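Structure file coords33.cif (mmCIF, C-alpha atoms and all ligand atoms) is printed below.
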```
data_start
loop_
_atom_site.label_atom_id
_atom_site.label_comp_id
_atom_site.auth_asym_id
_atom_site.auth_seq_id
_atom_site.Cartn_x
_atom_site.Cartn_y
_atom_site.Cartn_z
CA MET E 1309 -16.38 -22.47 1.91
CA SER E 1310 -17.68 -18.94 1.30
CA THR E 1311 -20.32 -17.74 3.76
CA SER E 1312 -23.03 -17.68 1.09
CA GLU E 1313 -22.35 -21.08 -0.43
CA GLN E 1314 -25.31 -23.36 -1.07
CA ILE E 1315 -24.99 -27.08 -0.58
CA ASP E 1316 -27.14 -30.14 -1.15
CA ILE E 1317 -26.83 -32.06 2.11
CA ALA E 1318 -25.52 -30.86 5.47
CA VAL E 1319 -24.63 -33.50 8.05
CA ILE E 1320 -24.52 -31.90 11.50
CA GLY E 1321 -21.94 -33.73 13.63
CA ALA E 1322 -18.96 -35.78 12.44
CA GLY E 1323 -19.21 -38.42 15.18
CA LEU E 1324 -19.34 -42.13 14.38
CA GLY E 1325 -22.77 -41.84 12.71
CA GLY E 1326 -22.20 -38.51 10.93
CA ALA E 1327 -18.83 -39.58 9.49
CA ALA E 1328 -20.44 -42.79 8.21
CA ALA E 1329 -23.31 -40.83 6.66
CA ALA E 1330 -20.90 -38.47 4.87
CA ALA E 1331 -18.92 -41.40 3.42
CA LEU E 1332 -22.01 -43.34 2.34
CA LEU E 1333 -23.66 -40.31 0.74
CA ASP E 1334 -20.46 -39.48 -1.11
CA ASN E 1335 -20.16 -43.09 -2.23
CA ALA E 1336 -23.71 -42.92 -3.61
CA GLY E 1337 -22.89 -39.81 -5.64
CA PHE E 1338 -24.41 -37.11 -3.40
CA THR E 1339 -22.55 -34.02 -2.26
CA ALA E 1340 -22.65 -33.88 1.52
CA HIS E 1341 -20.78 -31.56 3.86
CA CYS E 1342 -20.15 -32.45 7.51
CA PHE E 1343 -20.19 -29.71 10.18
CA GLU E 1344 -18.59 -30.59 13.50
CA GLN E 1345 -18.49 -28.40 16.62
CA ALA E 1346 -15.16 -29.79 17.89
CA PRO E 1347 -11.99 -28.07 16.63
CA GLU E 1348 -10.45 -31.55 16.24
CA PHE E 1349 -10.86 -35.09 17.55
CA THR E 1350 -8.53 -36.68 20.11
CA ARG E 1351 -7.93 -40.36 21.00
CA LEU E 1352 -10.14 -40.54 24.10
CA GLY E 1353 -9.47 -43.65 26.17
CA ALA E 1354 -12.39 -45.83 25.24
CA GLY E 1355 -13.18 -48.93 23.23
CA ILE E 1356 -16.09 -49.99 21.09
CA HIS E 1357 -17.52 -53.19 19.62
CA ILE E 1358 -18.43 -53.22 15.94
CA GLY E 1359 -20.68 -56.08 14.89
CA PRO E 1360 -20.80 -57.83 11.49
CA ASN E 1361 -24.01 -55.87 10.80
CA VAL E 1362 -21.86 -52.74 10.55
CA MET E 1363 -18.63 -54.23 9.21
CA LYS E 1364 -20.70 -54.89 6.04
CA ILE E 1365 -21.22 -51.13 5.76
CA PHE E 1366 -17.51 -50.48 6.27
CA ARG E 1367 -16.89 -52.98 3.44
CA GLN E 1368 -19.10 -50.86 1.17
CA ILE E 1369 -17.09 -47.69 1.89
CA GLY E 1370 -13.72 -49.45 1.64
CA LEU E 1371 -12.76 -49.38 5.36
CA GLU E 1372 -13.43 -52.98 6.45
CA ASP E 1373 -9.91 -54.31 5.87
CA THR E 1374 -8.21 -51.36 7.59
CA LEU E 1375 -10.44 -51.63 10.66
CA ALA E 1376 -10.13 -55.43 10.73
CA LYS E 1377 -6.34 -55.06 10.78
CA ILE E 1378 -6.37 -52.57 13.67
CA GLY E 1379 -9.08 -54.17 15.79
CA SER E 1380 -9.18 -57.28 17.93
CA HIS E 1381 -11.15 -60.35 16.78
CA PRO E 1382 -12.64 -62.06 19.83
CA SER E 1383 -13.45 -65.74 19.43
CA HIS E 1384 -16.46 -65.36 21.76
CA TRP E 1385 -18.45 -62.95 23.86
CA PHE E 1386 -18.13 -64.61 27.25
CA SER E 1387 -20.40 -63.78 30.17
CA ARG E 1388 -19.05 -64.79 33.58
CA ASP E 1389 -20.11 -64.56 37.18
CA GLY E 1390 -18.05 -61.76 38.76
CA ASN E 1391 -17.59 -63.59 42.04
CA THR E 1392 -17.07 -67.23 41.04
CA GLY E 1393 -15.85 -66.89 37.45
CA GLU E 1394 -18.47 -69.42 36.30
CA TYR E 1395 -19.32 -69.11 32.59
CA LEU E 1396 -22.91 -67.95 32.08
CA SER E 1397 -22.75 -67.87 28.27
CA GLU E 1398 -20.21 -68.37 25.48
CA ILE E 1399 -21.48 -66.67 22.31
CA PRO E 1400 -19.32 -67.65 19.31
CA LEU E 1401 -17.86 -64.81 17.22
CA GLY E 1402 -14.50 -65.03 15.34
CA ASP E 1403 -14.70 -67.43 12.36
CA TYR E 1404 -18.26 -68.28 13.29
CA ALA E 1405 -19.32 -64.64 12.82
CA LEU E 1406 -17.55 -64.47 9.48
CA LYS E 1407 -19.32 -67.57 8.22
CA GLU E 1408 -22.75 -67.14 9.79
CA TYR E 1409 -23.14 -63.36 9.84
CA GLY E 1410 -21.11 -62.45 6.76
CA ALA E 1411 -18.43 -60.20 8.30
CA PRO E 1412 -16.04 -60.07 11.27
CA TYR E 1413 -16.94 -58.94 14.81
CA ILE E 1414 -14.26 -56.57 16.09
CA THR E 1415 -13.47 -54.63 19.24
CA ILE E 1416 -11.35 -51.52 18.70
CA HIS E 1417 -10.28 -48.24 20.26
CA ARG E 1418 -13.00 -45.82 19.23
CA GLY E 1419 -10.45 -43.08 18.56
CA ASP E 1420 -8.62 -45.34 16.10
CA MET E 1421 -11.86 -46.20 14.31
CA HIS E 1422 -13.05 -42.62 14.20
CA ALA E 1423 -9.69 -41.44 12.82
CA VAL E 1424 -9.94 -43.98 9.99
CA GLN E 1425 -13.48 -42.78 9.24
CA ILE E 1426 -12.54 -39.09 9.21
CA GLU E 1427 -9.35 -39.53 7.16
CA ALA E 1428 -11.32 -41.37 4.47
CA LEU E 1429 -13.61 -38.37 3.89
CA ASP E 1430 -13.08 -35.66 1.29
CA GLN E 1431 -11.35 -33.15 3.62
CA SER E 1432 -12.74 -30.19 1.71
CA ARG E 1433 -16.20 -31.24 2.90
CA VAL E 1434 -15.44 -31.73 6.62
CA HIS E 1435 -15.74 -28.50 8.59
CA PHE E 1436 -14.42 -28.54 12.15
CA ASP E 1437 -15.10 -25.78 14.64
CA HIS E 1438 -18.61 -25.37 13.21
CA ARG E 1439 -21.14 -25.56 16.02
CA LEU E 1440 -24.67 -25.28 14.71
CA GLU E 1441 -26.36 -22.55 16.67
CA ASP E 1442 -29.53 -21.78 14.78
CA LEU E 1443 -31.51 -22.88 11.77
CA GLU E 1444 -34.29 -21.35 9.73
CA GLU E 1445 -36.53 -23.57 7.60
CA ARG E 1446 -37.31 -21.80 4.34
CA ASP E 1447 -39.32 -22.93 1.28
CA ASP E 1448 -36.50 -24.46 -0.73
CA HIS E 1449 -33.63 -24.76 1.77
CA VAL E 1450 -32.62 -24.53 5.42
CA LEU E 1451 -30.42 -21.65 6.53
CA LEU E 1452 -27.82 -22.88 9.02
CA THR E 1453 -26.03 -20.45 11.31
CA PHE E 1454 -22.86 -21.58 13.06
CA ALA E 1455 -21.26 -20.23 16.23
CA ASN E 1456 -18.24 -19.06 14.22
CA GLY E 1457 -20.50 -16.71 12.24
CA LYS E 1458 -20.68 -18.81 9.04
CA LYS E 1459 -24.02 -19.24 7.28
CA VAL E 1460 -24.83 -22.09 4.91
CA GLU E 1461 -27.93 -22.89 2.88
CA ALA E 1462 -28.62 -26.62 2.65
CA LYS E 1463 -31.36 -28.43 0.76
CA LEU E 1464 -31.42 -31.24 3.33
CA VAL E 1465 -30.10 -31.39 6.90
CA ILE E 1466 -29.17 -34.62 8.69
CA GLY E 1467 -28.95 -34.29 12.47
CA ALA E 1468 -26.15 -36.65 13.50
CA ASP E 1469 -25.39 -34.40 16.45
CA GLY E 1470 -25.78 -36.84 19.31
CA ILE E 1471 -27.95 -36.97 22.40
CA ASN E 1472 -28.16 -33.18 22.83
CA SER E 1473 -29.05 -32.70 19.16
CA LYS E 1474 -30.01 -29.23 17.95
CA ILE E 1475 -32.07 -30.84 15.21
CA ARG E 1476 -34.01 -32.91 17.77
CA GLU E 1477 -34.55 -29.71 19.74
CA ARG E 1478 -36.01 -28.03 16.65
CA LEU E 1479 -38.29 -31.00 15.89
CA LEU E 1480 -39.40 -31.89 19.41
CA GLY E 1481 -38.60 -28.93 21.65
CA VAL E 1482 -36.00 -28.30 24.33
CA GLU E 1483 -35.77 -31.21 26.74
CA LYS E 1484 -32.73 -32.37 28.66
CA PRO E 1485 -31.98 -36.09 28.41
CA ARG E 1486 -32.87 -38.12 31.49
CA PHE E 1487 -30.14 -39.47 33.77
CA SER E 1488 -30.53 -43.25 33.54
CA GLY E 1489 -29.40 -43.86 37.13
CA TRP E 1490 -26.27 -45.63 35.86
CA VAL E 1491 -22.65 -44.62 35.44
CA GLY E 1492 -19.78 -46.31 33.64
CA HIS E 1493 -16.10 -46.31 34.65
CA ARG E 1494 -13.78 -46.45 31.65
CA ALA E 1495 -10.10 -47.43 31.76
CA LEU E 1496 -7.29 -48.63 29.57
CA VAL E 1497 -5.33 -50.82 31.97
CA ASN E 1498 -1.57 -51.05 32.50
CA MET E 1499 -0.57 -54.05 30.36
CA ASP E 1500 2.61 -54.84 32.32
CA LYS E 1501 0.61 -55.15 35.51
CA LEU E 1502 -2.07 -57.18 33.77
CA ARG E 1503 0.49 -59.60 32.30
CA ALA E 1504 2.22 -59.87 35.66
CA THR E 1505 -0.91 -61.54 37.05
CA GLY E 1506 -0.02 -64.55 34.87
CA LEU E 1507 -3.71 -64.92 34.04
CA GLU E 1508 -5.07 -65.41 30.53
CA TYR E 1509 -7.49 -62.52 29.87
CA GLU E 1510 -10.17 -63.29 27.30
CA ARG E 1511 -10.50 -60.89 24.38
CA CYS E 1512 -14.14 -60.11 25.15
CA VAL E 1513 -15.74 -60.88 28.49
CA LYS E 1514 -18.53 -59.38 30.54
CA TRP E 1515 -18.37 -59.93 34.30
CA TRP E 1516 -21.76 -59.83 36.04
CA TRP E 1517 -22.87 -59.20 39.65
CA GLU E 1518 -26.26 -58.86 41.28
CA HIS E 1519 -28.62 -56.10 40.05
CA SER E 1520 -26.88 -56.15 36.62
CA ARG E 1521 -23.74 -54.44 37.88
CA HIS E 1522 -21.01 -55.43 35.44
CA ILE E 1523 -17.59 -54.92 33.90
CA MET E 1524 -17.27 -55.36 30.13
CA ALA E 1525 -13.57 -56.01 29.37
CA TYR E 1526 -11.92 -56.47 26.00
CA ALA E 1527 -8.84 -56.02 23.83
CA THR E 1528 -8.83 -53.01 21.51
CA LYS E 1529 -5.90 -53.94 19.29
CA ASN E 1530 -5.34 -56.85 16.92
CA ASP E 1531 -2.17 -58.00 18.69
CA GLY E 1532 -3.83 -57.84 22.10
CA SER E 1533 -1.46 -55.11 23.31
CA GLU E 1534 -4.21 -52.86 24.69
CA TYR E 1535 -6.96 -53.90 27.14
CA TYR E 1536 -9.96 -51.82 28.16
CA TYR E 1537 -12.92 -52.05 30.46
CA VAL E 1538 -16.16 -50.20 30.98
CA THR E 1539 -18.41 -50.79 33.98
CA GLY E 1540 -22.11 -50.37 34.60
CA VAL E 1541 -22.98 -49.32 38.14
CA PRO E 1542 -26.29 -47.95 39.48
CA VAL E 1543 -26.01 -44.73 41.52
CA ASP E 1544 -28.49 -42.39 43.19
CA ALA E 1545 -27.75 -39.27 41.15
CA TRP E 1546 -25.31 -37.49 38.87
CA GLU E 1547 -24.49 -34.07 40.27
CA HIS E 1548 -21.57 -32.98 38.09
CA GLU E 1549 -21.86 -30.41 35.31
CA THR E 1550 -19.11 -32.01 33.22
CA SER E 1551 -19.62 -34.94 30.83
CA PHE E 1552 -17.28 -37.11 32.94
CA VAL E 1553 -15.19 -36.96 36.13
CA ASP E 1554 -12.06 -38.69 37.34
CA SER E 1555 -12.47 -41.90 39.29
CA SER E 1556 -9.77 -44.00 40.96
CA ARG E 1557 -8.50 -47.51 41.58
CA GLU E 1558 -9.76 -47.07 45.16
CA GLU E 1559 -13.27 -46.46 43.89
CA MET E 1560 -13.03 -49.57 41.70
CA GLU E 1561 -11.82 -51.54 44.69
CA ALA E 1562 -14.71 -50.24 46.81
CA ILE E 1563 -17.27 -51.33 44.21
CA PHE E 1564 -15.78 -54.55 42.86
CA GLY E 1565 -13.16 -55.60 45.45
CA GLY E 1566 -13.34 -59.16 46.76
CA SER E 1567 -14.49 -60.54 43.40
CA HIS E 1568 -12.93 -63.23 41.20
CA LYS E 1569 -9.12 -63.04 40.93
CA MET E 1570 -9.26 -61.96 37.27
CA VAL E 1571 -11.44 -58.98 38.24
CA GLN E 1572 -9.00 -58.20 41.03
CA GLY E 1573 -6.19 -58.30 38.44
CA LEU E 1574 -8.09 -55.72 36.36
CA ILE E 1575 -8.55 -53.46 39.37
CA ASP E 1576 -4.87 -53.76 40.35
CA ALA E 1577 -3.82 -52.88 36.77
CA THR E 1578 -5.99 -49.73 36.81
CA GLU E 1579 -4.07 -46.45 36.88
CA THR E 1580 -6.28 -43.86 35.21
CA VAL E 1581 -10.02 -44.32 35.23
CA THR E 1582 -12.85 -41.92 34.46
CA LYS E 1583 -16.55 -42.05 35.36
CA TRP E 1584 -19.33 -41.24 32.87
CA PRO E 1585 -23.07 -40.79 33.41
CA PHE E 1586 -25.37 -42.69 31.03
CA TRP E 1587 -28.16 -40.51 29.65
CA ASN E 1588 -31.36 -41.63 28.05
CA ARG E 1589 -34.54 -40.63 26.25
CA ASP E 1590 -37.74 -42.50 25.47
CA PRO E 1591 -38.26 -43.67 21.86
CA MET E 1592 -39.27 -40.66 19.76
CA GLY E 1593 -42.44 -40.27 17.73
CA LEU E 1594 -40.82 -38.05 15.12
CA TRP E 1595 -37.59 -38.71 13.20
CA SER E 1596 -37.96 -36.05 10.50
CA ARG E 1597 -39.96 -33.04 9.47
CA GLY E 1598 -39.67 -31.04 6.28
CA ARG E 1599 -36.02 -30.97 5.22
CA LEU E 1600 -34.71 -32.08 8.63
CA VAL E 1601 -34.01 -35.70 9.56
CA MET E 1602 -32.09 -37.35 12.43
CA LEU E 1603 -29.95 -40.42 12.92
CA GLY E 1604 -28.10 -42.19 15.76
CA ASP E 1605 -28.11 -40.88 19.32
CA ALA E 1606 -30.03 -37.79 18.17
CA CYS E 1607 -33.13 -39.95 17.70
CA HIS E 1608 -32.55 -43.14 19.73
CA PRO E 1609 -29.99 -42.74 22.53
CA MET E 1610 -29.58 -45.76 24.79
CA ARG E 1611 -27.53 -47.08 27.64
CA PRO E 1612 -24.50 -48.77 26.06
CA HIS E 1613 -24.94 -52.31 27.39
CA MET E 1614 -25.62 -54.06 24.09
CA ALA E 1615 -22.59 -52.41 22.44
CA GLN E 1616 -24.80 -51.39 19.52
CA GLY E 1617 -25.45 -47.63 19.90
CA ALA E 1618 -22.92 -46.53 17.32
CA CYS E 1619 -23.79 -49.55 15.21
CA MET E 1620 -27.40 -48.33 15.08
CA ALA E 1621 -26.22 -44.84 14.08
CA ILE E 1622 -24.15 -46.30 11.22
CA GLU E 1623 -26.98 -48.63 10.16
CA ASP E 1624 -29.27 -45.56 10.09
CA ALA E 1625 -26.77 -43.77 7.84
CA ALA E 1626 -26.69 -46.71 5.41
CA VAL E 1627 -30.48 -47.04 5.20
CA LEU E 1628 -31.06 -43.28 4.92
CA THR E 1629 -28.59 -43.14 2.03
CA ARG E 1630 -30.35 -46.02 0.28
CA CYS E 1631 -33.71 -44.26 0.69
CA LEU E 1632 -32.34 -41.06 -0.86
CA VAL E 1633 -30.92 -43.09 -3.75
CA GLU E 1634 -34.34 -44.70 -4.22
CA THR E 1635 -36.32 -41.45 -4.37
CA GLY E 1636 -33.75 -38.78 -5.26
CA THR E 1637 -33.21 -35.75 -3.05
CA GLU E 1638 -36.17 -33.81 -4.50
CA ASP E 1639 -38.60 -36.33 -3.04
CA TYR E 1640 -36.96 -36.20 0.37
CA ALA E 1641 -40.34 -36.49 2.10
CA THR E 1642 -40.84 -40.02 0.71
CA ALA E 1643 -37.20 -40.91 1.45
CA PHE E 1644 -37.48 -39.82 5.09
CA LYS E 1645 -40.75 -41.74 5.59
CA LEU E 1646 -39.22 -44.86 4.01
CA TYR E 1647 -36.16 -44.45 6.26
CA GLU E 1648 -38.19 -44.14 9.45
CA ASN E 1649 -40.43 -47.07 8.46
CA THR E 1650 -37.36 -49.24 7.84
CA ARG E 1651 -35.41 -48.26 10.94
CA LYS E 1652 -37.77 -47.45 13.78
CA GLU E 1653 -38.78 -50.93 14.91
CA ARG E 1654 -35.22 -52.28 14.94
CA ALA E 1655 -33.68 -49.22 16.60
CA THR E 1656 -36.39 -49.19 19.28
CA LYS E 1657 -35.93 -52.91 19.98
CA VAL E 1658 -32.17 -52.48 20.38
CA GLN E 1659 -32.72 -49.40 22.56
CA THR E 1660 -35.11 -51.36 24.81
CA ILE E 1661 -32.85 -54.42 25.22
CA SER E 1662 -29.78 -52.25 25.68
CA ASN E 1663 -31.48 -50.31 28.46
CA ALA E 1664 -32.61 -53.55 30.13
CA ASN E 1665 -28.98 -54.80 30.12
CA THR E 1666 -29.80 -58.45 29.49
CA TRP E 1667 -27.96 -58.95 26.17
CA LEU E 1668 -25.95 -62.19 25.97
CA LYS E 1669 -25.90 -62.67 29.74
CA ASN E 1670 -27.37 -66.11 29.14
CA PRO E 1671 -27.13 -68.25 25.99
CA GLU E 1672 -29.21 -66.75 23.16
CA ASP E 1673 -29.04 -66.46 19.38
CA PRO E 1674 -27.78 -62.96 18.40
CA ALA E 1675 -28.32 -63.52 14.66
CA TRP E 1676 -31.17 -60.96 14.41
CA VAL E 1677 -28.62 -58.27 15.34
CA TYR E 1678 -25.41 -59.51 13.71
CA ALA E 1679 -26.71 -61.18 10.52
CA TYR E 1680 -28.80 -58.11 9.59
CA ASP E 1681 -27.60 -56.45 6.40
CA PRO E 1682 -28.56 -52.74 6.20
CA LEU E 1683 -27.40 -52.68 2.58
CA THR E 1684 -29.93 -55.24 1.36
CA VAL E 1685 -32.76 -55.16 3.91
CA GLU E 1686 -36.11 -54.41 2.30
CA LEU E 1687 -36.98 -50.72 2.58
CA GLY E 1688 -40.26 -49.59 4.06
P1 LIG Q 1701 -22.05 -38.94 18.64
O1 LIG Q 1701 -21.01 -39.99 18.53
O2 LIG Q 1701 -22.38 -38.39 19.99
O3 LIG Q 1701 -21.59 -37.77 17.69
C1 LIG Q 1701 -22.27 -36.53 17.68
C2 LIG Q 1701 -21.31 -35.49 17.10
O4 LIG Q 1701 -22.03 -34.29 16.87
C3 LIG Q 1701 -20.16 -35.16 18.05
O5 LIG Q 1701 -18.93 -35.23 17.36
C4 LIG Q 1701 -20.48 -33.75 18.53
O6 LIG Q 1701 -19.33 -32.99 18.82
C5 LIG Q 1701 -21.24 -33.20 17.33
N1 LIG Q 1701 -22.19 -32.12 17.66
C6 LIG Q 1701 -23.07 -32.07 18.69
N2 LIG Q 1701 -23.77 -30.93 18.65
C7 LIG Q 1701 -23.33 -30.23 17.57
C8 LIG Q 1701 -23.67 -28.96 17.00
N3 LIG Q 1701 -24.64 -28.17 17.54
N4 LIG Q 1701 -23.03 -28.56 15.87
C9 LIG Q 1701 -22.06 -29.35 15.31
N5 LIG Q 1701 -21.68 -30.54 15.82
C10 LIG Q 1701 -22.32 -30.99 16.93
N6 LIG Q 1701 -21.86 -48.23 20.60
C11 LIG Q 1701 -21.51 -49.34 19.88
O7 LIG Q 1701 -21.98 -49.53 18.76
N7 LIG Q 1701 -20.63 -50.26 20.41
C12 LIG Q 1701 -20.08 -50.10 21.65
O8 LIG Q 1701 -19.29 -50.95 22.10
C13 LIG Q 1701 -20.43 -48.95 22.42
N8 LIG Q 1701 -19.90 -48.73 23.65
C14 LIG Q 1701 -20.23 -47.61 24.35
C15 LIG Q 1701 -19.70 -47.40 25.63
C16 LIG Q 1701 -20.03 -46.27 26.36
C17 LIG Q 1701 -19.47 -46.11 27.74
C18 LIG Q 1701 -20.91 -45.30 25.81
C19 LIG Q 1701 -21.28 -44.06 26.57
C20 LIG Q 1701 -21.46 -45.50 24.53
C21 LIG Q 1701 -21.14 -46.65 23.81
N9 LIG Q 1701 -21.68 -46.90 22.53
C22 LIG Q 1701 -21.35 -48.01 21.83
C23 LIG Q 1701 -22.67 -45.96 21.98
C24 LIG Q 1701 -22.06 -44.99 21.02
O9 LIG Q 1701 -20.95 -44.33 21.58
C25 LIG Q 1701 -23.09 -43.95 20.57
O10 LIG Q 1701 -24.31 -44.57 20.33
C26 LIG Q 1701 -22.57 -43.29 19.30
O11 LIG Q 1701 -21.43 -42.54 19.58
C27 LIG Q 1701 -23.64 -42.42 18.67
O12 LIG Q 1701 -23.13 -41.87 17.48
P2 LIG Q 1701 -23.70 -40.52 16.90
O13 LIG Q 1701 -22.91 -40.23 15.68
O14 LIG Q 1701 -25.19 -40.60 16.80
O15 LIG Q 1701 -23.43 -39.43 18.03
#
```
With the file now loaded, output its structure as structure tokens.
Amino acid sequence: MSTSEQIDIAVIGAGLGGAAAAALLDNAGFTAHCFEQAPEFTRLGAGIHIGPNVMKIFRQIGLEDTLAKIGSHPSHWFSRDGNTGEYLSEIPLGDYALKEYGAPYITIHRGDMHAVQIEALDQSRVHFDHRLEDLEERDDHVLLTFANGKKVEAKLVIGADGINSKIRERLLGVEKPRFSGWVGHRALVNMDKLRATGLEYERCVKWWWEHSRHIMAYATKNDGSEYYYVTGVPVDAWEHETSFVDSSREEMEAIFGGSHKMVQGLIDATETVTKWPFWNRDPMGLWSRGRLVMLGDACHPMRPHMAQGACMAIEDAAVLTRCLVETGTEDYATAFKLYENTRKERATKVQTISNANTWLKNPEDPAWVYAYDPLTVELG
């Protein structure tokens, strides 16, 4: 792209939400360019759940079958007592999700999913190594300045740039996210060691202890050949400058040792494990202003305990696209209002329950999350 090129829509950030927005906008006939600060994406060791609410969106952009082939299809979300192994809830997914919620529920390596999303985009409109540094709101466009010196004029700017969003900063001022008081350990376990336990590991199970401490464990591949866990552990403070630090099997043993034998098997099969702080913000009173609008973690970050943060970002992208189709880009003010009116209540509810870490611990009906269809829900 030449430095003076003018574009219709700039999506800042090509994460899970930004990549979805670019695909959906393209699908709807808009011309959107994605600007991503990272020089490239790597397969970081972490998994993700994608609910039927979002698999419907992947169907719309032609990625559902590919993701369904790569990902694991758990029959249930089990919740179990971490000490005794007692089942606290057994939430049916698998065929039940297909029939009742209209699409599969998958768990997948997030790097695999993200790669599928990025590869499906028009590569001439994805710009890596473009960190947004500054923006100037003018009468008929926004001037974007990137750290690499490039300048772009965009009619509309979508901030899909995560919890430390530059767009959020412009709309609401500089404010660091709040440390939630919780960290998560993330590990892909050694499968030989896990199999050697002789135990049958469920494809999606959350182990619970007192004070909501937990380990969410699940398969990330269709054939069950990769198994991942993420913990939730309260701590006094986070004192590191980096986004994560190394942890160890010893640390896992110190926190969760002496638990049920299946948990012990997970700990024993742990070789490399990292520790991540969970950051947070309160629900925001402003999602857009002028030609700027936000989606995903930029406007509703949450602790990850409902496994719906990325799903909310992708739902946002689908609804925002529908609103722009409804009004056209010239009437962006109406589109952005319609978008916020459609999304805010649901995103805030998910954010609140996710932060409370109560989701599916006991039997409950998850249909309001999984049966939701962002492609047909009434706008406004
Ligand atoms: P991000 O994924 O953070 O993407 C933002 C992108 O913007 C990044 O690529 C970043 O490099 C780029 N960027 C930032 N600043 C700039 C800039 N100035 N210029 C250009 N680019 C920029 N969600 C689920 O749905 N299911 C799960 O199972 C799940 N599990 C999780 C487990 C853990 C441990 C954690 C921490 C989160 C989990 N989530 C899950 C939540 C999910 O990861 C986030 O909600 C999701 O990634 C948000 O997507 P996003 O596109 O809004 O932001």
Within 6 Å of ligand LIG 1701 (chain Q) (only C-alpha atoms and all ligand atoms), residues as a ChimeraX atom specification: /E:1320-1326,1343-1346,1356-1358,1438-1441,1468-1470,1473-1474,1492,1604-1606,1612,1615-1619,1621
In terms of the shortest atom-to-atom distance over all atoms listed in the file, which of E:Ala1679, E:Ala1527, E:Ala1504, E:Leu1375 is closest to Lys1407 in chain E? E:Ala1679
Which polymer residues have any atom within 8 Å of an atom of Gln1425 in chain E, counting all atoms listed in the file, with same-chain residues fewer than 6 positions away left out, as a list in words?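 Skipping anything fewer than 6 positions along the chain leaves Leu1324, Ala1327, Ala1328 and Leu1371 of chain E.
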Which value, in Å to one decimal, gives the distance between CA of Ser1662 in chain E and CA of Tyr1678 in chain E?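 CA of Tyr1678 in chain E lies at a distance of 14.7 Å from CA of Ser1662 in chain E.
Closest approach to Gly1566 in chain E among E:Tyr1535, E:Gly1390, E:Arg1611, E:Thr1339 is made by E:Gly1390 (distances from all atoms listed in the file).
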Could you give me, as a count of residues only, the residues within 9 Å of range 1536-1538 of chain E, counting only C-alpha atoms and dropping anything in the same chain fewer than 5 positions from it? 18
Leu1668 in chain E environment, 10 Å, all atoms listed in the file, sequence neighbours closer than 2 positions dropped, as a ChimeraX atom specification: /E:1385-1387,1396-1399,1514,1614,1665-1666,1670-1674
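Between Ile1475 in chain E and the candidates E:Tyr1409, E:Phe1454, E:Trp1676, E:Trp1595, the tightest atom-to-atom separation, counting only C-alpha atoms, involves E:Trp1595.
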What is the CA of Asn1335 in chain E-CA of Leu1628 in chain E distance in Å, reported with one decimal?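 CA of Leu1628 in chain E lies 13.0 Å from CA of Asn1335 in chain E.
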Please return, as a short mmCIF file (atom, residue, chain, number, x, y, z; two decimals) with C-alpha atoms, in the frame of the given file, all polymer residues that have at least one atom within 6 Å of the point (-33.5, -45.1, 7.6); use all atoms listed in the file and the file's own coordinate frame.
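In the end it all went to point.cif:
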```
data_model
loop_
_atom_site.label_atom_id
_atom_site.label_comp_id
_atom_site.auth_asym_id
_atom_site.auth_seq_id
_atom_site.Cartn_x
_atom_site.Cartn_y
_atom_site.Cartn_z
CA ASP E 1624 -29.27 -45.56 10.09
CA VAL E 1627 -30.48 -47.04 5.20
CA LEU E 1628 -31.06 -43.28 4.92
CA TYR E 1647 -36.16 -44.45 6.26
CA GLU E 1648 -38.19 -44.14 9.45
CA THR E 1650 -37.36 -49.24 7.84
CA ARG E 1651 -35.41 -48.26 10.94
#
```
